[in-house]
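Chemist: Below is the structure I would like to discuss, written out as structure tokens.
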Amino acid sequence: MKILDCTLRDGGYYTNWDFDNDLVKVYFESFNHLPIDFLEIGYKAFAENYYKGEFYYLPLFLIKKIKSISNKNLAILLNGKDLFESNIEDLLLPCVGLIDLVRVAIDPKDLNKSLTLLKRIKSLGFKVALNVMYMSKWKTMKSFLTDLPLVNETCDFFYMVDSYGSVYPEDVKEITQTVKSILSIPLGFHGHNNLEMALVNSLTALEYGVEIIDSTVTGMGRGAGNLKTELILTHLSSKGLLEFDFNYLSNLVDKFSQLQKLHNWGTNLPYMVSGSNSLPQKDVMEWITKRFYSLNSIVEALQNQKSNLLDKPRVERFKPENKFENVLLIGGGNSVQQHFEAIRSFVYTNKSSITIVHASSTNAYLFKDLDFIPQYFCLVGNEGHRLERVYDNSPFKGICILPPPPRKLGIYKPEIAKDKIFEIEQSTINHPINDTHTILAFEISSILEAKNVYLVGYDGYPKESITSKMHEMFIENQNIFNLVKNRFKLISLLPTLYDLKITSLYSLIK
């Protein structure tokens, strides 16, 4: 059997394919002393219109550097949907003599399309592996199984990929036996850990003839992650099948465990639900790591996906009686707490012409006694639960606004606001996601016919502590500001890292 560690490739979903130099050094130095056969060092991809780091594009200098410090066979992964005969050489010719194994990930329905591409890659001198996704659905794809024998002539390995983390050992046994009866080339298995089955599924795959399995350090990988490299090595060592120095493994795990505290990968309830129902992990990862939706909302959304439903329950449309020239838009930044007395003074000074829109309820507790002014709350993500905590012992006099239907996610409607919840009719801002806090806040401001939107709590993220997800949120918010800058006069009253006009809050109060 062989083991392929794909931490730097699969783990890149959490770091945007950027890794600390010291961590990378420990990674390669440690694996030089551990019984791993292949290291998949990243994707090799064509240019995209948004930032992804060096282990996504793998520039030639980086591959050469890795080759000089690693004694392992090196692998890369290509997205099959991006490949054409005309661009394969541009992508791969610089890798000849440096990369040993090229893996190509495909949707099963694209099997025939990929065969010519695989032959072309193999002709360049690489070993080739075909990674076919959605293993749990193969049994319903008769044409895929019928065409499978054609793979024998094009690949060195055929990988069964449990994309949803949804197969059980009996499924692995059945599918492996079926594929093994069709193919003569070595089989591989890539398991996800939604149901905490990655280890037992990998061992089952080995038992029934798979010759190479994937793993990642601490299970770091997209969504719920993968089989832990340290776990499979420890298991094989306990069976007397491998010998190695555990100090190198410990050093490696320690480094990634520190990173795990920041990104919190691994399975949880939503990933378990997605795995149990063979639903994609991409949305779950977005909702958990970037949108911070409640678990109930995520589980409800996954159940809706399973039944091909969207959240359509209607509430009354938001049609405010009063309009306001000025809106104070409050985000979740720490600056609101620091300057809250001045912000409240600004509100008092302008109380006849201003209203408050809370994009986030994080700082709502500071303003809950301002009952002389209407306050609107964006009801997305965890906001309903936050509001209940803020107004636990106080009457709620605000108004909650939902994104327009149909909504992918069910949204929790707090009991304290049951007769004060409305929805906007439709999105008027041309943005691919219409249920972000900031989009909804500007939609509310537009319906209120605001001319001036004063922002507080949109601090941005300090460079020294920013994560890849924070960076994405920063870019997303900046794009939204750019989209609405001709609709409103946008003024930040506090310091911000966003590209916004700034007027000092303190210059506007007495």
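By order in the structure tokens, chains are A, B, ...; within a chain, residues start at 1; ligands start at 1, following the order shown.
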Sorted by chain and rising residue number, which residues of stretch 332-389 of chain A lie within 10 Å of stretch 485-507 of chain A, and what are their closest atom pairs and distances in Å to one decimal, counting only C-alpha atoms, as a tab-separated table?
Modeler:
```
residue	atom	partner	partner_atom	distance
A:Gly333	CA	A:Thr496	CA	9.8
A:Ser335	CA	A:Leu494	CA	7.4
A:Val336	CA	A:Leu494	CA	8.6
A:His339	CA	A:Leu494	CA	8.5
A:Ala342	CA	A:Tyr506	CA	7.0
A:Ile343	CA	A:Leu505	CA	7.3
A:Ser345	CA	A:Tyr506	CA	9.6
A:Phe346	CA	A:Leu505	CA	7.6
```
Chemist: Can you tell me, as a PyMOL selection string, which residues in stretch 72-165 of chain A count as strand (DSSP E) by DSSP?
Modeler: chain A and resi 73-79+101-106+127-132+157-162
Chemist: From the set A:Phe396, A:Phe144, A:Tyr13, A:Phe84, which residue has the shortest atom-to-atom contact distance to A:Gly225, counting only C-alpha atoms?
Modeler: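 Nearest to A:Gly225: A:Tyr13.
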Chemist: From the list A:Arg103, A:Lys239, A:Arg222, A:Lys319, which residue is nearest A:Tyr271 when using only C-alpha atoms?
Modeler: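 Distance minimum relative to A:Tyr271 lands on A:Arg222.
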Chemist: A:Met220: which residues within 10 Å, counting only C-alpha atoms, same-chain residues fewer than 4 positions away excluded, as a ChimeraX atom specification?
Modeler: /A:6-14,215-216,224-229,256-257,259-260,263-266
Chemist: Take the selection from the previous step and output its residues with C-alpha atoms, as a PDB file, in the first residue's frame.
Modeler:
```
ATOM      1  CA  CYS A   6      -2.361  16.166   0.398  1.00  0.00           C
ATOM      2  CA  THR A   7      -2.356  18.675   3.265  1.00  0.00           C
ATOM      3  CA  LEU A   8      -0.984  21.640   1.331  1.00  0.00           C
ATOM      4  CA  ARG A   9      -3.515  21.141  -1.442  1.00  0.00           C
ATOM      5  CA  ASP A  10      -6.687  20.195   0.466  1.00  0.00           C
ATOM      6  CA  GLY A  11      -5.821  22.307   3.489  1.00  0.00           C
ATOM      7  CA  GLY A  12      -5.517  25.354   1.296  1.00  0.00           C
ATOM      8  CA  TYR A  13      -9.290  25.781   1.384  1.00  0.00           C
ATOM      9  CA  TYR A  14      -8.808  27.185   4.881  1.00  0.00           C
ATOM     10  CA  SER A 215      -4.580  11.663   4.193  1.00  0.00           C
ATOM     11  CA  THR A 216      -3.801  15.104   5.627  1.00  0.00           C
ATOM     12  CA  ALA A 224     -15.062  18.336   7.431  1.00  0.00           C
ATOM     13  CA  GLY A 225     -11.570  17.338   6.363  1.00  0.00           C
ATOM     14  CA  ASN A 226      -9.910  14.024   5.684  1.00  0.00           C
ATOM     15  CA  LEU A 227      -8.282  10.958   7.151  1.00  0.00           C
ATOM     16  CA  LYS A 228      -5.624  12.157   9.594  1.00  0.00           C
ATOM     17  CA  THR A 229      -2.103  11.299   8.446  1.00  0.00           C
ATOM     18  CA  PHE A 256      -0.786  22.147  12.293  1.00  0.00           C
ATOM     19  CA  SER A 257      -2.650  21.924  15.603  1.00  0.00           C
ATOM     20  CA  LEU A 259      -3.181  26.467  12.814  1.00  0.00           C
ATOM     21  CA  GLN A 260      -6.305  24.416  13.538  1.00  0.00           C
ATOM     22  CA  HIS A 263      -9.454  27.857  11.390  1.00  0.00           C
ATOM     23  CA  ASN A 264     -11.307  25.156  13.346  1.00  0.00           C
ATOM     24  CA  TRP A 265     -11.513  22.498  10.623  1.00  0.00           C
ATOM     25  CA  GLY A 266     -13.065  19.119  11.302  1.00  0.00           C
TER      26      GLY A 266
END
```
Chemist: Mind the document's chain letters and residue numbers, and return as a PyMOL selection string the residues of stretch 295-406 of chain A that DSSP labels helix (DSSP H, G or I).
Modeler: chain A and resi 295-306+335-338+340-349+364-367+383-390
Chemist: Please determine, counting only C-alpha atoms, which residue among A:Ser394, A:Gln177, A:Asn268, A:Ser163 has the shortest atom-to-atom distance to A:Tyr134.
Modeler: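 Using only C-alpha atoms, the shortest distance to A:Tyr134 belongs to A:Ser163.
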Chemist: If we count only C-alpha atoms, what is near stretch 360-372 of chain A at a cut-off of 7 Å, once residues fewer than 4 positions away on the same chain are taken out, given as a list in words?
Modeler: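 My reading of the contact set: Ile330, Gly331, Gly332, Val336, Cys378, Glu383, Arg386, Leu387, Val390 and His437 of chain A.
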Chemist: Write the residues of the preceding selection, restricted to N, CA and C atoms, as a PDB file, in the first residue's frame.
Modeler:
```pdb
ATOM      1  N   ILE A 330     -24.584  50.591  11.455  1.00  0.00           N
ATOM      2  CA  ILE A 330     -23.700  50.085  12.506  1.00  0.00           C
ATOM      3  C   ILE A 330     -23.254  48.663  12.185  1.00  0.00           C
ATOM      4  N   GLY A 331     -21.947  48.493  12.048  1.00  0.00           N
ATOM      5  CA  GLY A 331     -21.375  47.177  11.840  1.00  0.00           C
ATOM      6  C   GLY A 331     -20.938  46.544  13.144  1.00  0.00           C
ATOM      7  N   GLY A 332     -20.179  45.473  13.042  1.00  0.00           N
ATOM      8  CA  GLY A 332     -19.800  44.712  14.225  1.00  0.00           C
ATOM      9  C   GLY A 332     -18.425  45.004  14.768  1.00  0.00           C
ATOM     10  N   VAL A 336     -17.010  50.604  17.663  1.00  0.00           N
ATOM     11  CA  VAL A 336     -18.305  51.089  18.158  1.00  0.00           C
ATOM     12  C   VAL A 336     -18.295  51.144  19.679  1.00  0.00           C
ATOM     13  N   CYS A 378     -30.898  43.805  10.568  1.00  0.00           N
ATOM     14  CA  CYS A 378     -30.780  42.839   9.476  1.00  0.00           C
ATOM     15  C   CYS A 378     -30.859  41.429  10.061  1.00  0.00           C
ATOM     16  N   GLU A 383     -28.238  36.512  13.720  1.00  0.00           N
ATOM     17  CA  GLU A 383     -28.734  37.746  14.313  1.00  0.00           C
ATOM     18  C   GLU A 383     -29.955  37.544  15.209  1.00  0.00           C
ATOM     19  N   ARG A 386     -28.687  36.465  18.537  1.00  0.00           N
ATOM     20  CA  ARG A 386     -28.005  37.583  19.198  1.00  0.00           C
ATOM     21  C   ARG A 386     -29.011  38.565  19.786  1.00  0.00           C
ATOM     22  N   LEU A 387     -30.053  38.870  19.036  1.00  0.00           N
ATOM     23  CA  LEU A 387     -31.058  39.809  19.519  1.00  0.00           C
ATOM     24  C   LEU A 387     -31.730  39.296  20.788  1.00  0.00           C
ATOM     25  N   VAL A 390     -29.441  40.012  23.602  1.00  0.00           N
ATOM     26  CA  VAL A 390     -29.354  41.440  23.908  1.00  0.00           C
ATOM     27  C   VAL A 390     -30.599  41.921  24.644  1.00  0.00           C
ATOM     28  N   HIS A 437     -25.029  40.710   5.439  1.00  0.00           N
ATOM     29  CA  HIS A 437     -25.433  41.779   6.338  1.00  0.00           C
ATOM     30  C   HIS A 437     -25.388  43.140   5.641  1.00  0.00           C
TER      31      HIS A 437
END
```
Chemist: Wanna dump the stretch 104-223 of chain A-stretch 28-42 of chain A contacts at 12 Å for me, each residue with its shortest atom pair and the distance in Å to one decimal, counting only C-alpha atoms, ordered by chain and number, as a tab-separated table?
Modeler:
```
residue	atom	partner	partner_atom	distance
A:Lys127	CA	A:Phe38	CA	11.8
A:Ala129	CA	A:Glu40	CA	11.9
A:Glu211	CA	A:Asp37	CA	11.6
A:Ile212	CA	A:Asp37	CA	9.2
A:Ile213	CA	A:Phe38	CA	10.2
A:Asp214	CA	A:Phe38	CA	9.3
A:Ser215	CA	A:Ile36	CA	9.9
A:Thr216	CA	A:Leu39	CA	9.8
A:Val217	CA	A:Phe31	CA	10.7
A:Gly221	CA	A:Gly42	CA	12.0
```
Chemist: List the neighbours of stretch 320-327 of chain A out to 12 Å using only C-alpha atoms; skip same-chain residues closer than 3 positions along the sequence, and give me the result as an MDAnalysis selection string.
Modeler: chainID A and resid 316:317 330 346:347 350:359 373:376 399:401 420 422:424 441:456 488:492
Chemist: Those residues with N, CA and C atoms, as a compact mmCIF listing (two decimals), in the first residue's frame please?
Modeler:
```
# COMPACT_ATOMS: atom_id res chain seq x y z
N GLU A 316 -44.84 39.86 5.95
CA GLU A 316 -45.29 41.09 5.34
C GLU A 316 -44.12 41.87 4.73
N ARG A 317 -44.36 42.49 3.60
CA ARG A 317 -43.32 43.25 2.93
C ARG A 317 -42.98 44.50 3.74
N ILE A 330 -24.58 50.59 11.45
CA ILE A 330 -23.70 50.09 12.51
C ILE A 330 -23.25 48.66 12.18
N PHE A 346 -24.04 61.78 18.64
CA PHE A 346 -24.32 62.10 17.24
C PHE A 346 -25.78 61.79 16.91
N VAL A 347 -26.28 60.69 17.44
CA VAL A 347 -27.68 60.32 17.20
C VAL A 347 -28.61 61.34 17.83
N ASN A 350 -28.88 64.53 15.85
CA ASN A 350 -29.57 64.42 14.55
C ASN A 350 -30.87 63.62 14.64
N LYS A 351 -31.47 63.55 15.83
CA LYS A 351 -32.58 62.63 16.04
C LYS A 351 -33.80 62.90 15.17
N SER A 352 -33.95 64.12 14.68
CA SER A 352 -35.13 64.42 13.86
C SER A 352 -35.00 63.92 12.42
N SER A 353 -33.76 63.59 12.01
CA SER A 353 -33.57 63.23 10.60
C SER A 353 -32.80 61.93 10.39
N ILE A 354 -32.57 61.18 11.45
CA ILE A 354 -31.71 60.01 11.31
C ILE A 354 -32.38 58.77 11.90
N THR A 355 -32.04 57.63 11.37
CA THR A 355 -32.45 56.36 11.95
C THR A 355 -31.25 55.43 11.97
N ILE A 356 -31.35 54.34 12.71
CA ILE A 356 -30.24 53.40 12.85
C ILE A 356 -30.57 52.11 12.12
N VAL A 357 -29.63 51.61 11.34
CA VAL A 357 -29.72 50.28 10.73
C VAL A 357 -28.55 49.46 11.26
N HIS A 358 -28.87 48.35 11.93
CA HIS A 358 -27.85 47.46 12.47
C HIS A 358 -27.56 46.36 11.45
N ALA A 359 -26.42 46.47 10.75
CA ALA A 359 -26.03 45.39 9.86
C ALA A 359 -25.74 44.13 10.68
N ILE A 373 -35.91 56.62 18.69
CA ILE A 373 -35.52 56.61 17.28
C ILE A 373 -35.73 55.21 16.71
N PRO A 374 -36.29 55.09 15.52
CA PRO A 374 -36.47 53.75 14.93
C PRO A 374 -35.14 53.05 14.70
N GLN A 375 -35.11 51.75 14.99
CA GLN A 375 -33.90 50.96 14.76
C GLN A 375 -34.29 49.72 13.96
N TYR A 376 -33.56 49.48 12.90
CA TYR A 376 -33.83 48.35 12.01
C TYR A 376 -32.67 47.35 12.12
N ILE A 399 -37.28 46.83 14.54
CA ILE A 399 -37.94 46.17 13.41
C ILE A 399 -36.90 45.29 12.73
N CYS A 400 -37.26 44.04 12.50
CA CYS A 400 -36.34 43.09 11.86
C CYS A 400 -36.68 42.94 10.38
N ILE A 401 -35.65 42.91 9.56
CA ILE A 401 -35.85 42.82 8.11
C ILE A 401 -35.13 41.58 7.57
N LYS A 420 -42.83 41.92 14.50
CA LYS A 420 -42.06 43.05 13.97
C LYS A 420 -41.03 42.58 12.95
N PHE A 422 -40.29 41.78 8.91
CA PHE A 422 -40.72 42.06 7.55
C PHE A 422 -39.63 41.57 6.59
N GLU A 423 -39.95 41.52 5.31
CA GLU A 423 -38.97 41.13 4.31
C GLU A 423 -38.96 42.15 3.19
N ILE A 424 -37.80 42.32 2.57
CA ILE A 424 -37.77 43.18 1.39
C ILE A 424 -38.26 42.35 0.20
N ALA A 441 -28.41 45.74 4.67
CA ALA A 441 -28.43 47.05 5.32
C ALA A 441 -28.60 48.17 4.29
N PHE A 442 -27.95 48.04 3.14
CA PHE A 442 -28.10 49.07 2.11
C PHE A 442 -29.46 48.97 1.42
N GLU A 443 -30.01 47.77 1.31
CA GLU A 443 -31.35 47.63 0.75
C GLU A 443 -32.36 48.35 1.66
N ILE A 444 -32.21 48.19 2.96
CA ILE A 444 -33.09 48.87 3.92
C ILE A 444 -32.92 50.38 3.79
N SER A 445 -31.68 50.83 3.71
CA SER A 445 -31.41 52.27 3.58
C SER A 445 -32.05 52.83 2.31
N SER A 446 -32.04 52.05 1.24
CA SER A 446 -32.64 52.49 -0.01
C SER A 446 -34.15 52.63 0.12
N ILE A 447 -34.77 51.65 0.77
CA ILE A 447 -36.22 51.72 0.96
C ILE A 447 -36.60 52.89 1.86
N LEU A 448 -35.73 53.24 2.80
CA LEU A 448 -35.97 54.40 3.68
C LEU A 448 -35.68 55.71 2.96
N GLU A 449 -35.21 55.63 1.70
CA GLU A 449 -34.91 56.78 0.85
C GLU A 449 -33.79 57.65 1.43
N ALA A 450 -32.82 57.01 2.05
CA ALA A 450 -31.70 57.74 2.63
C ALA A 450 -30.82 58.33 1.54
N LYS A 451 -30.28 59.51 1.82
CA LYS A 451 -29.31 60.14 0.94
C LYS A 451 -27.90 59.98 1.49
N ASN A 452 -27.79 60.05 2.81
CA ASN A 452 -26.50 59.95 3.47
C ASN A 452 -26.47 58.71 4.35
N VAL A 453 -25.45 57.89 4.20
CA VAL A 453 -25.27 56.73 5.05
C VAL A 453 -23.96 56.90 5.80
N TYR A 454 -24.08 57.06 7.12
CA TYR A 454 -22.91 57.20 7.98
C TYR A 454 -22.57 55.83 8.56
N LEU A 455 -21.33 55.43 8.41
CA LEU A 455 -20.94 54.09 8.83
C LEU A 455 -20.06 54.14 10.08
N VAL A 456 -20.37 53.27 11.02
CA VAL A 456 -19.49 53.02 12.17
C VAL A 456 -19.40 51.50 12.35
N PHE A 488 -25.79 56.40 -2.58
CA PHE A 488 -25.77 57.14 -1.32
C PHE A 488 -24.47 57.92 -1.22
N LYS A 489 -24.48 58.91 -0.35
CA LYS A 489 -23.23 59.53 0.07
C LYS A 489 -22.73 58.73 1.27
N LEU A 490 -21.63 57.99 1.08
CA LEU A 490 -21.11 57.11 2.12
C LEU A 490 -20.03 57.83 2.91
N ILE A 491 -20.19 57.87 4.23
CA ILE A 491 -19.22 58.55 5.08
C ILE A 491 -18.94 57.69 6.30
N SER A 492 -17.68 57.32 6.48
CA SER A 492 -17.29 56.62 7.70
C SER A 492 -16.97 57.65 8.77
```
Chemist: If you count only C-alpha atoms, which residues fall within 9 Å of stretch 117-126 of chain A, apart from same-chain ones fewer than 5 positions away, as a PyMOL selection string?
Modeler: chain A and resi 80+83-85+88-89+92-93+96-97+99-102+104+153-156
Chemist: Any chance you can output those residues with C-alpha atoms as a CSV table (one decimal), in the first residue's frame?
Modeler:
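Here's the written file selection-v4.csv:
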```
chain,number,residue,atom,x,y,z
A,80,GLY,CA,-10.5,18.6,-15.0
A,83,LEU,CA,-8.4,21.4,-18.9
A,84,PHE,CA,-8.3,21.3,-22.7
A,85,GLU,CA,-5.8,19.8,-25.1
A,88,ILE,CA,-2.2,21.2,-21.0
A,89,GLU,CA,1.3,21.8,-22.2
A,92,LEU,CA,2.6,21.1,-17.3
A,93,LEU,CA,5.7,21.4,-19.4
A,96,VAL,CA,8.5,17.9,-16.3
A,97,GLY,CA,11.3,16.3,-14.2
A,99,ILE,CA,6.6,16.5,-10.5
A,100,ASP,CA,6.1,12.7,-10.4
A,101,LEU,CA,2.3,12.3,-10.3
A,102,VAL,CA,-0.4,14.4,-11.9
A,104,VAL,CA,-7.0,15.1,-12.4
A,153,GLU,CA,-5.4,2.6,-21.1
A,154,THR,CA,-5.0,6.2,-19.8
A,155,CYS,CA,-4.0,6.1,-16.1
A,156,ASP,CA,-1.6,4.7,-13.5
```
Chemist: Provide the atom CA of A:Glu415 to atom CA of A:Leu328 distance in Å, to one decimal place.
Modeler: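 Going from atom CA of A:Glu415 over to atom CA of A:Leu328, I get 25.8 Å.
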Chemist: Choose the residue, out of A:Val161, A:Leu111, A:Ile411, A:Val200, that has the smallest atom-to-atom separation from A:Met141; count only C-alpha atoms.
Modeler: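 So, comparing all the options, the nearest one is A:Leu111.
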Chemist: Separation of atom CA of A:Leu508 and atom CA of A:Ile480, in Å?
Modeler: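 Computing the Euclidean distance for atom CA of A:Leu508 and atom CA of A:Ile480 yields 25.9 Å.
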Chemist: Given the choices A:Val380, A:Glu48, A:Ala417, A:Leu262, which gets closest to A:Met470 if the distance is worked out from only C-alpha atoms?
Modeler: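 Among the listed residues, A:Leu262 lies closest to A:Met470.
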